[in-house]
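S.K.: Structure: run_7.cif, mmCIF, C-alpha atoms and all ligand atoms.
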data_entry
#
loop_
_atom_site.label_atom_id
_atom_site.label_comp_id
_atom_site.auth_asym_id
_atom_site.auth_seq_id
_atom_site.Cartn_x
_atom_site.Cartn_y
_atom_site.Cartn_z
CA MET A 1 -38.88 11.44 14.20
CA ARG A 2 -35.72 10.79 16.17
CA ARG A 3 -33.20 8.31 14.82
CA LYS A 4 -33.10 5.20 17.02
CA ILE A 5 -29.64 4.02 18.02
CA SER A 6 -28.39 0.80 19.61
CA ILE A 7 -24.92 1.02 21.15
CA LEU A 8 -22.94 -2.22 21.52
CA GLY A 9 -20.07 -1.42 23.90
CA ALA A 10 -21.70 1.69 25.43
CA THR A 11 -19.32 1.87 28.43
CA GLY A 12 -16.13 2.06 26.36
CA SER A 13 -14.24 4.94 24.83
CA VAL A 14 -16.15 4.95 21.51
CA GLY A 15 -19.40 4.23 23.37
CA LYS A 16 -18.94 7.26 25.64
CA SER A 17 -18.10 9.57 22.73
CA THR A 18 -21.26 8.35 20.98
CA LEU A 19 -23.38 9.02 24.08
CA ASP A 20 -21.90 12.50 24.38
CA LEU A 21 -22.96 13.32 20.80
CA ILE A 22 -26.44 11.86 21.29
CA GLU A 23 -26.98 13.88 24.48
CA ARG A 24 -25.99 17.05 22.64
CA ASN A 25 -28.43 16.20 19.85
CA SER A 26 -31.29 14.67 21.82
CA ASP A 27 -33.82 16.19 19.42
CA ARG A 28 -32.42 14.02 16.61
CA PHE A 29 -31.39 10.76 18.27
CA GLU A 30 -32.68 8.38 20.92
CA VAL A 31 -30.96 5.36 22.42
CA VAL A 32 -32.99 2.15 22.41
CA ALA A 33 -30.40 -0.43 23.54
CA VAL A 34 -27.02 -0.40 25.29
CA THR A 35 -24.55 -3.19 26.13
CA ALA A 36 -21.39 -3.70 28.19
CA ALA A 37 -19.10 -6.54 29.25
CA THR A 38 -19.28 -6.67 33.05
CA SER A 39 -20.10 -3.31 34.64
CA ALA A 40 -23.73 -3.50 35.81
CA GLU A 41 -23.46 -0.15 37.52
CA GLY A 42 -21.88 1.65 34.57
CA LEU A 43 -24.43 0.19 32.18
CA ALA A 44 -27.41 0.90 34.43
CA ASN A 45 -26.34 4.53 34.80
CA ILE A 46 -26.17 4.91 31.02
CA ALA A 47 -29.51 3.14 30.47
CA ARG A 48 -31.23 5.41 33.02
CA ARG A 49 -29.62 8.58 31.68
CA MET A 50 -30.54 7.75 28.06
CA ASP A 51 -33.95 6.24 28.86
CA ALA A 52 -33.00 3.06 26.95
CA LYS A 53 -35.46 0.18 26.51
CA LEU A 54 -32.89 -2.64 26.74
CA ALA A 55 -29.62 -3.01 28.66
CA VAL A 56 -27.47 -6.10 28.13
CA LEU A 57 -24.39 -7.36 29.96
CA ALA A 58 -22.17 -10.02 28.41
CA ASP A 59 -21.49 -11.37 31.91
CA GLU A 60 -24.53 -13.44 32.96
CA SER A 61 -23.42 -13.64 36.59
CA ARG A 62 -24.26 -9.94 37.03
CA LEU A 63 -27.77 -10.06 35.62
CA GLU A 64 -29.49 -9.91 39.02
CA GLN A 65 -27.47 -6.85 39.96
CA LEU A 66 -28.43 -5.16 36.67
CA GLN A 67 -32.10 -6.07 37.16
CA ALA A 68 -32.07 -4.56 40.65
CA LEU A 69 -30.39 -1.38 39.40
CA LEU A 70 -32.98 -0.96 36.63
CA ALA A 71 -36.07 -1.91 38.64
CA GLY A 72 -38.97 0.44 37.95
CA THR A 73 -37.33 2.17 34.98
CA GLY A 74 -39.11 0.42 32.10
CA CYS A 75 -35.72 -0.69 30.78
CA ARG A 76 -35.41 -4.45 30.35
CA ALA A 77 -32.23 -6.01 31.75
CA ALA A 78 -30.71 -9.05 30.05
CA ALA A 79 -27.38 -10.88 29.84
CA GLY A 80 -25.41 -13.34 27.75
CA GLU A 81 -24.59 -13.80 24.08
CA ALA A 82 -28.15 -14.27 22.83
CA ALA A 83 -29.17 -11.06 24.61
CA LEU A 84 -26.26 -9.18 22.98
CA ILE A 85 -27.68 -10.30 19.65
CA ASP A 86 -31.13 -9.02 20.77
CA ALA A 87 -29.50 -5.62 21.34
CA ALA A 88 -28.01 -5.77 17.83
CA LEU A 89 -31.47 -6.61 16.46
CA ALA A 90 -33.33 -4.01 18.55
CA ASP A 91 -35.65 -1.67 16.69
CA ALA A 92 -32.81 0.69 15.73
CA GLU A 93 -31.94 2.54 12.55
CA ILE A 94 -28.22 2.46 13.36
CA VAL A 95 -26.23 -0.05 15.41
CA ILE A 96 -22.99 1.36 16.80
CA ALA A 97 -20.54 -1.57 16.89
CA ALA A 98 -18.12 -0.49 19.62
CA ILE A 99 -17.32 -3.76 21.42
CA VAL A 100 -13.57 -4.45 21.46
CA GLY A 101 -12.20 -7.64 19.95
CA CYS A 102 -13.66 -10.73 18.35
CA ALA A 103 -16.35 -10.77 21.09
CA GLY A 104 -18.30 -8.32 18.93
CA LEU A 105 -18.46 -10.57 15.90
CA ARG A 106 -21.77 -12.39 16.38
CA PRO A 107 -23.82 -9.31 17.34
CA VAL A 108 -22.33 -7.25 14.48
CA MET A 109 -23.02 -10.05 12.02
CA ALA A 110 -26.62 -10.32 13.28
CA ALA A 111 -27.17 -6.61 12.60
CA VAL A 112 -25.58 -6.88 9.15
CA GLU A 113 -27.70 -9.91 8.24
CA ALA A 114 -30.82 -8.03 9.34
CA GLY A 115 -29.97 -5.26 6.85
CA THR A 116 -29.41 -2.58 9.52
CA THR A 117 -27.00 0.31 9.06
CA VAL A 118 -23.94 -0.58 11.13
CA ALA A 119 -21.53 2.13 12.25
CA LEU A 120 -18.44 0.02 12.72
CA ALA A 121 -15.70 0.76 15.24
CA ASN A 122 -15.12 -2.92 16.09
CA LYS A 123 -12.43 -3.53 13.46
CA GLU A 124 -11.64 -7.02 14.82
CA ALA A 125 -15.07 -8.18 13.56
CA LEU A 126 -14.19 -7.18 10.01
CA VAL A 127 -10.63 -8.49 10.25
CA THR A 128 -11.83 -11.95 11.27
CA ALA A 129 -14.90 -12.21 9.05
CA GLY A 130 -14.41 -9.57 6.36
CA GLN A 131 -15.53 -11.65 3.44
CA LEU A 132 -18.51 -13.22 5.19
CA MET A 133 -19.62 -9.85 6.50
CA THR A 134 -19.34 -7.90 3.25
CA ARG A 135 -21.15 -10.71 1.44
CA ALA A 136 -23.91 -10.69 4.07
CA ALA A 137 -24.20 -6.92 3.70
CA GLN A 138 -24.62 -7.26 -0.07
CA THR A 139 -27.35 -9.84 0.40
CA SER A 140 -29.27 -7.98 3.11
CA GLY A 141 -28.68 -4.45 1.82
CA ALA A 142 -27.01 -3.41 5.09
CA THR A 143 -24.79 -0.32 4.98
CA LEU A 144 -21.42 -0.39 6.75
CA LEU A 145 -20.32 3.07 7.89
CA PRO A 146 -16.75 3.10 9.17
CA ILE A 147 -16.13 4.88 12.48
CA ASP A 148 -12.42 4.06 12.58
CA SER A 149 -11.00 7.51 11.79
CA GLU A 150 -8.83 6.39 8.86
CA HIS A 151 -11.61 4.43 7.17
CA ASN A 152 -14.09 7.18 7.88
CA ALA A 153 -11.67 9.60 6.17
CA ILE A 154 -11.40 7.31 3.14
CA PHE A 155 -15.19 6.88 3.03
CA GLN A 156 -15.53 10.67 2.97
CA CYS A 157 -12.86 11.07 0.25
CA LEU A 158 -14.49 8.39 -1.92
CA ALA A 159 -17.95 9.97 -1.87
CA GLY A 160 -19.42 9.94 -5.35
CA SER A 161 -16.41 8.40 -7.11
CA ARG A 162 -16.34 5.26 -9.26
CA ALA A 163 -14.29 2.29 -8.03
CA GLU A 164 -12.28 2.20 -11.29
CA ASP A 165 -11.13 5.78 -10.74
CA VAL A 166 -9.35 4.97 -7.47
CA SER A 167 -5.71 3.97 -7.78
CA ARG A 168 -4.60 3.75 -4.15
CA ILE A 169 -5.63 4.40 -0.59
CA ILE A 170 -3.14 5.66 1.95
CA LEU A 171 -3.75 4.95 5.63
CA THR A 172 -2.00 7.35 7.96
CA ALA A 173 -0.60 6.18 11.31
CA SER A 174 0.74 8.27 14.16
CA GLY A 175 3.49 5.73 14.90
CA GLY A 176 2.31 5.61 18.53
CA PRO A 177 4.35 6.37 21.63
CA PHE A 178 7.46 4.42 20.51
CA ARG A 179 7.93 5.88 17.02
CA THR A 180 11.35 7.26 17.87
CA ALA A 181 12.12 5.34 21.10
CA LEU A 182 15.39 3.45 21.53
CA PRO A 183 15.17 -0.36 21.20
CA GLU A 184 16.06 -0.78 24.90
CA THR A 185 13.20 1.56 25.89
CA ILE A 186 10.79 -0.43 23.73
CA ALA A 187 12.07 -3.72 25.20
CA GLY A 188 11.34 -2.54 28.74
CA ALA A 189 8.09 -0.68 27.98
CA THR A 190 5.40 -0.86 30.67
CA PRO A 191 1.65 -1.09 29.94
CA GLU A 192 1.32 2.49 31.16
CA GLN A 193 3.92 3.75 28.67
CA ALA A 194 2.41 1.72 25.83
CA CYS A 195 -1.08 3.10 26.56
CA ALA A 196 0.08 6.73 26.60
CA HIS A 197 -0.85 7.54 23.01
CA PRO A 198 0.53 10.90 21.85
CA ASN A 199 -2.67 12.09 20.10
CA TRP A 200 -5.72 9.92 20.85
CA SER A 201 -7.38 8.81 24.09
CA MET A 202 -8.69 5.24 23.61
CA GLY A 203 -9.33 1.89 25.31
CA ALA A 204 -6.32 -0.13 26.56
CA LYS A 205 -6.30 -2.81 23.83
CA ILE A 206 -6.29 -0.43 20.86
CA SER A 207 -3.73 1.78 22.63
CA VAL A 208 -1.29 -1.15 22.89
CA ASP A 209 -2.12 -2.04 19.27
CA SER A 210 -1.16 1.51 18.30
CA ALA A 211 2.16 1.18 20.11
CA THR A 212 3.01 -2.08 18.26
CA MET A 213 1.36 -0.74 15.09
CA MET A 214 -0.73 -3.91 14.97
CA ASN A 215 -3.60 -1.42 14.96
CA LYS A 216 -2.51 -0.21 11.54
CA GLY A 217 -2.08 -3.82 10.44
CA LEU A 218 -5.66 -4.61 11.49
CA GLU A 219 -6.78 -1.42 9.73
CA LEU A 220 -5.03 -2.55 6.55
CA ILE A 221 -7.17 -5.71 6.60
CA GLU A 222 -10.24 -3.68 7.56
CA ALA A 223 -9.63 -1.39 4.56
CA ARG A 224 -9.26 -4.38 2.25
CA TYR A 225 -12.79 -5.52 3.07
CA LEU A 226 -14.48 -2.14 3.40
CA PHE A 227 -13.14 -0.74 0.13
CA GLY A 228 -12.39 -3.87 -1.91
CA LEU A 229 -8.80 -2.96 -2.87
CA PRO A 230 -5.98 -5.52 -2.85
CA SER A 231 -3.06 -5.28 -0.40
CA GLU A 232 -0.67 -3.73 -2.94
CA ARG A 233 -3.00 -0.77 -3.42
CA ILE A 234 -3.23 0.07 0.28
CA ASP A 235 -0.25 1.98 1.66
CA VAL A 236 0.62 2.93 5.23
CA LEU A 237 2.22 6.31 5.89
CA ILE A 238 3.47 7.56 9.26
CA HIS A 239 2.10 10.98 10.10
CA PRO A 240 2.92 11.86 13.72
CA GLN A 241 0.49 14.79 14.09
CA SER A 242 -2.70 12.74 13.35
CA VAL A 243 -4.26 15.63 11.46
CA VAL A 244 -4.55 14.02 8.02
CA HIS A 245 -6.70 10.99 8.82
CA SER A 246 -6.10 9.19 5.50
CA LEU A 247 -5.96 9.83 1.75
CA VAL A 248 -7.24 8.50 -1.56
CA GLU A 249 -5.25 8.73 -4.78
CA PHE A 250 -7.19 8.71 -8.06
CA VAL A 251 -6.05 7.59 -11.53
CA ASP A 252 -5.58 11.17 -12.70
CA GLY A 253 -3.03 11.82 -9.93
CA SER A 254 -5.44 13.78 -7.71
CA VAL A 255 -5.15 13.00 -4.01
CA LEU A 256 -7.99 13.76 -1.60
CA ALA A 257 -7.48 13.78 2.15
CA GLN A 258 -9.74 14.30 5.17
CA LEU A 259 -8.30 16.43 7.97
CA GLY A 260 -9.49 17.28 11.45
CA SER A 261 -8.42 17.41 15.07
CA PRO A 262 -7.91 13.94 16.59
CA ASP A 263 -11.35 13.63 18.22
CA MET A 264 -13.38 10.47 17.61
CA ARG A 265 -16.58 12.50 17.88
CA ILE A 266 -15.96 13.74 14.32
CA PRO A 267 -16.14 10.30 12.60
CA ILE A 268 -18.85 9.10 15.01
CA ALA A 269 -20.98 12.19 14.25
CA PHE A 270 -20.47 11.54 10.55
CA ALA A 271 -21.84 8.00 10.95
CA LEU A 272 -24.74 9.07 13.18
CA ALA A 273 -25.94 11.79 10.82
CA TRP A 274 -25.00 10.23 7.47
CA PRO A 275 -25.76 11.27 4.76
CA LYS A 276 -26.19 14.62 6.51
CA ARG A 277 -23.77 16.21 9.00
CA ILE A 278 -24.26 17.51 12.53
CA ALA A 279 -22.22 19.98 14.58
CA THR A 280 -19.69 18.60 17.10
CA PRO A 281 -17.77 20.31 19.90
CA ALA A 282 -14.48 19.00 18.45
CA GLN A 283 -11.71 21.57 18.39
CA ARG A 284 -11.46 23.35 15.03
CA LEU A 285 -8.31 22.71 13.08
CA ASP A 286 -5.85 25.60 13.21
CA LEU A 287 -3.34 24.76 10.49
CA ALA A 288 -1.40 27.98 11.01
CA ALA A 289 -0.84 27.03 14.67
CA ILE A 290 0.12 23.45 13.73
CA SER A 291 2.30 25.00 10.98
CA ARG A 292 3.80 21.75 9.67
CA LEU A 293 2.70 18.22 8.86
CA ASP A 294 5.28 15.43 8.69
CA PHE A 295 5.19 12.12 6.82
CA GLU A 296 7.55 9.13 6.78
CA THR A 297 7.64 5.50 5.67
CA PRO A 298 7.08 3.02 8.52
CA ASP A 299 10.14 1.06 9.64
CA LEU A 300 9.05 -2.60 9.50
CA SER A 301 12.00 -3.77 11.61
CA ARG A 302 10.82 -1.46 14.41
CA PHE A 303 7.19 -2.50 13.88
CA PRO A 304 7.15 -6.24 12.98
CA ALA A 305 3.39 -6.41 13.73
CA LEU A 306 2.72 -4.32 10.64
CA ARG A 307 4.66 -6.78 8.50
CA LEU A 308 2.82 -9.74 10.06
CA ALA A 309 -0.56 -8.18 9.34
CA ARG A 310 0.30 -7.51 5.71
CA GLU A 311 1.53 -11.11 5.35
CA ALA A 312 -1.69 -12.41 6.95
CA LEU A 313 -3.79 -10.29 4.61
CA GLU A 314 -1.89 -11.61 1.60
CA ALA A 315 -2.04 -15.23 2.84
CA GLY A 316 -5.81 -14.89 3.33
CA GLY A 317 -7.91 -17.84 4.53
CA ALA A 318 -7.65 -18.28 8.29
CA ALA A 319 -4.50 -16.15 8.66
CA PRO A 320 -6.22 -12.84 9.61
CA ILE A 321 -8.26 -14.69 12.29
CA VAL A 322 -5.11 -16.27 13.72
CA LEU A 323 -3.32 -12.91 13.64
CA ASN A 324 -6.19 -11.23 15.47
CA ALA A 325 -6.79 -13.93 18.10
CA ALA A 326 -3.07 -14.34 18.86
CA ASN A 327 -2.76 -10.58 19.15
CA GLU A 328 -5.74 -10.30 21.54
CA VAL A 329 -4.18 -12.92 23.83
CA ALA A 330 -0.67 -11.45 23.58
CA VAL A 331 -1.91 -7.91 24.32
CA ALA A 332 -3.84 -9.20 27.35
CA GLY A 333 -0.62 -11.02 28.38
CA PHE A 334 1.35 -7.78 28.10
CA LEU A 335 -1.28 -5.77 30.01
CA GLY A 336 -1.21 -8.46 32.72
CA ASN A 337 2.62 -8.31 32.87
CA ARG A 338 3.04 -11.86 31.49
CA LEU A 339 4.77 -10.75 28.28
CA ARG A 340 7.31 -8.07 27.53
CA PHE A 341 6.33 -5.55 24.85
CA PRO A 342 8.42 -7.02 21.96
CA GLU A 343 7.05 -10.48 22.80
CA ILE A 344 3.59 -9.44 21.59
CA ALA A 345 4.70 -9.54 17.95
CA GLU A 346 7.05 -12.49 18.60
CA PHE A 347 4.26 -14.70 19.93
CA VAL A 348 1.86 -13.59 17.19
CA GLU A 349 4.48 -14.62 14.62
CA ARG A 350 5.13 -17.97 16.30
CA THR A 351 1.40 -18.64 16.42
CA LEU A 352 0.99 -17.79 12.74
CA ASP A 353 3.90 -20.13 11.94
CA SER A 354 2.39 -23.04 13.92
CA ALA A 355 -1.26 -22.58 12.92
CA ASP A 356 -2.71 -24.56 10.05
CA PHE A 357 -6.46 -24.03 9.69
CA PRO A 358 -8.60 -24.21 6.55
CA ALA A 359 -10.36 -21.06 5.34
CA PRO A 360 -13.66 -20.65 7.25
CA GLN A 361 -16.99 -20.77 5.42
CA THR A 362 -19.23 -19.71 8.31
CA ILE A 363 -19.14 -17.50 11.41
CA ASP A 364 -19.12 -20.65 13.57
CA GLU A 365 -15.93 -21.75 11.81
CA VAL A 366 -14.40 -18.28 12.28
CA LEU A 367 -15.12 -18.52 16.01
CA GLU A 368 -13.75 -22.07 16.14
CA ILE A 369 -10.46 -20.89 14.59
CA ASP A 370 -10.44 -17.99 17.04
CA ARG A 371 -10.83 -20.42 19.98
CA ALA A 372 -8.23 -22.88 18.66
CA THR A 373 -5.74 -20.05 18.10
CA ARG A 374 -6.23 -18.80 21.65
CA SER A 375 -5.33 -22.20 23.07
CA LEU A 376 -2.41 -22.52 20.64
CA ILE A 377 -0.81 -19.23 21.71
CA GLU A 378 -1.57 -20.00 25.37
CA SER A 379 0.37 -23.26 25.07
CA LEU A 380 3.27 -21.48 23.30
CA MET A 381 3.36 -18.86 26.07
CA THR A 382 3.22 -21.51 28.81
CA GLU A 383 5.94 -23.63 27.16
CA ASP A 384 8.14 -20.57 27.05
CA CYS A 385 7.87 -20.04 30.82
CA HIS A 386 9.29 -23.52 31.59
P1 LIG A 401 -12.97 0.05 25.25
O1 LIG A 401 -12.14 -1.01 25.85
O2 LIG A 401 -12.89 1.43 25.78
O3 LIG A 401 -14.52 -0.39 25.27
C1 LIG A 401 -14.93 -1.65 24.83
C2 LIG A 401 -16.43 -1.87 25.05
O4 LIG A 401 -16.72 -3.25 24.72
C3 LIG A 401 -16.88 -1.67 26.49
O5 LIG A 401 -18.21 -1.19 26.51
C4 LIG A 401 -16.83 -3.10 27.05
O6 LIG A 401 -17.72 -3.26 28.16
C5 LIG A 401 -17.27 -3.92 25.85
N1 LIG A 401 -16.72 -5.28 25.87
C6 LIG A 401 -15.45 -5.66 26.10
N2 LIG A 401 -15.31 -7.00 26.06
C7 LIG A 401 -16.54 -7.49 25.79
C8 LIG A 401 -17.06 -8.81 25.65
N3 LIG A 401 -16.29 -9.89 25.78
N4 LIG A 401 -18.37 -8.95 25.34
C9 LIG A 401 -19.18 -7.87 25.22
N5 LIG A 401 -18.75 -6.60 25.37
C10 LIG A 401 -17.45 -6.40 25.64
O7 LIG A 401 -12.62 0.05 23.68
P2 LIG A 401 -12.69 1.27 22.64
O8 LIG A 401 -11.41 1.99 22.64
O9 LIG A 401 -13.97 2.01 22.80
O10 LIG A 401 -12.72 0.44 21.27
C11 LIG A 401 -13.88 -0.25 20.82
C12 LIG A 401 -13.63 -0.71 19.38
O11 LIG A 401 -13.50 0.44 18.56
C13 LIG A 401 -12.35 -1.52 19.20
O12 LIG A 401 -12.56 -2.51 18.24
C14 LIG A 401 -11.36 -0.48 18.68
O13 LIG A 401 -10.37 -1.06 17.87
C15 LIG A 401 -12.26 0.41 17.87
N6 LIG A 401 -11.77 1.79 17.73
C16 LIG A 401 -11.63 2.56 18.83
C17 LIG A 401 -11.16 3.86 18.71
C18 LIG A 401 -11.01 4.76 19.91
O14 LIG A 401 -10.71 5.93 19.76
N7 LIG A 401 -11.20 4.29 21.12
C19 LIG A 401 -10.82 4.36 17.45
C20 LIG A 401 -11.00 3.54 16.34
C21 LIG A 401 -11.48 2.25 16.48
MG MG A 402 -7.95 4.03 13.44
#
Go ahead and render the structure in this file as C-alpha cells.
Ligand code: NAD
Ligand code: MG

M.R.:
Amino acid sequence: MRRKISILGATGSVGKSTLDLIERNSDRFEVVAVTAATSAEGLANIARRMDAKLAVLADESRLEQLQALLAGTGCRAAAGEAALIDAALADAEIVIAAIVGCAGLRPVMAAVEAGTTVALANKEALVTAGQLMTRAAQTSGATLLPIDSEHNAIFQCLAGSRAEDVSRIILTASGGPFRTALPETIAGATPEQACAHPNWSMGAKISVDSATMMNKGLELIEARYLFGLPSERIDVLIHPQSVVHSLVEFVDGSVLAQLGSPDMRIPIAFALAWPKRIATPAQRLDLAAISRLDFETPDLSRFPALRLAREALEAGGAAPIVLNAANEVAVAGFLGNRLRFPEIAEFVERTLDSADFPAPQTIDEVLEIDRATRSLIESLMTEDCH
C-alpha cells in the first residue's frame, strides 16, 4: 500500500522538494491532491505528472483554464477557499502544509481537526493560531510533524525523551545575507540582495524573513507551540554554516543536535517516512571538509525583528497574529519596492504599538485580527508617504 499524500502549496519551494522525493520513491507514495495560488499551468503539469485526483487553485478566476488543462485526465479541477479545504480533507494519510503565509491557516486547521497527520512547513499558521491548533490536534489525535528544518531537528533530538527532562531548546539561525553587512548596505538593500540566502534556496517571503531574522522570530513562536516550552527556555544562536540545524539541552547537561547539509529534502523525507526513514539524494555531510563550525549570539540592534517576535510571544493574545500580518504586508511592500529594508521591522513595530485586539477564541477571530492588522499597517504606510 502506497502512502497517500496531499500537497498544499505544491508549486512552491517546499512543494517541489516534496514532489522530487515522491517521484524518487513512487513505490511508497502517491499524490492524491495538489494546490497552488494562481498558476493553472504549473499546477496542471504537476497534477498530470503525479496522476493526482484533485487539483485546486486559490484563484477562482483561473478555474476554467485549469479545467481545460486537465480535461480527460481523471483529475478534478477546483478553485477557491472551500476547495482548498477539500484538498486538505482529501483521502490522504499525510497533508503537506506548504502554503506560505496566513493563507494556509484554514486548510491546515481543517486537516488537524480531521485528525490527519500534518507535515507542517507553513509556520505562519502555527504562529497565528498556535494554541487553537495544538488544542485541536489533542482533541482529534492529529500528529504535527515539523518540516521547518530547526523544528524537525528538535523533533528528532527529542525522540523518546520525557518533557520534564528537557531544560532548553536552541534554535540555530544562519544570520542571513546581512549578518556582517554595514548598516548603510542594509539600509539600501534591494529585494535581490535580501533574497540571496547564503545557504538555503527558498521562496521570496521566507528569504526576506531570513534577512531580517523575522524568520527566526516566527520560528521561536512556532517552537513555543510545537514543543510547549516557554519563551525563556528557547534560545536563538547564530550559526553561519547551517550545518547544526538545532539543539536540545537536557537537565543532566547533555546536548543533542541534528546535523546535515542544508537541503530541505532531509526534513521533508523525515516527515514523509516517519516513523521510518527513506534515502534522499541530499549531499552527505563532510565535516572534515567543512572543518569548523561557528556560533555567536544574535545582535538584537542589528535584527530588531527578532526582538519584536520575542516580545510578541511574551505578550501573547493577539500579538503574534499582528506581528505576522504586519510582517507579511511589510515584506510584500519591500518586495514591491514600496518600503526600504529597515522599514520592514519599523512598520511591524509601529503596527504592534497601535494595535489593540483581544485574544482570539476561534479561527474566524484569528482571521479577523489578521485582516484588521493588514488595513492598519496599510494606513500607517500610506500616511507615511504623504
Ligand atoms: P513559496 O513561495 O516557494 O511557495 C508557496 C506555495 O504556496 C506556492 O505553491 C503558492 O502557489 C502557494 N500560495 C501562495 N499564496 C497562496 C494563497 N494566498 N493561497 C493559496 N496558496 C498560496 O514558499 P516556500 O518557500 O515553499 O515556503 C512555504 C512555507 O514553508 C512557508 O510558510 C515557509 O515559511 C515554510 N518553510 C519554507 C522553507 C524553504 O526552504 N522554502 C523552509 C522552512 C519553512
Ligand atoms: Mg527554518

S.K.: Kindly indicate which residue among A:Met381, A:Ala269, A:Ile186, A:Ala372 lies nearest to Phe303 (chain A), using only C-alpha atoms for the distances.

M.R.: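 Closest residue, counting only C-alpha atoms: A:Ile186.
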
S.K.: Quick one: everything within 7 Å of region 326-341 of chain A, counting all atoms listed in the file, minus sequence neighbours fewer than 3 positions away in the same chain. Send it as a PyMOL selection string.

M.R.: chain A and resi 186-189+191+205+208+322-323+344+347-348+351+373-374+377

S.K.: What separation in Å, quoted to one decimal, exists between CA of Leu19 (chain A) and CA of Glu113 (chain A)?

M.R.: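 Straight-line distance from CA of Leu19 (chain A) to CA of Glu113 (chain A) works out to 25.1 Å.
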
S.K.: Just how far from CA of Thr73 (chain A) is CA of Asp51 (chain A), in Å to one decimal?

M.R.: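 It comes out at 8.1 Å.
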
S.K.: Please find the residues contacting ligand LIG 401 (chain A) at a distance of at most 6 Å between atoms, with all atoms listed in the file counted, and report them as an MDAnalysis selection string.

M.R.: chainID A and resid 9:15 36:37 58 98:101 103 121:124 148 202:204 206 264
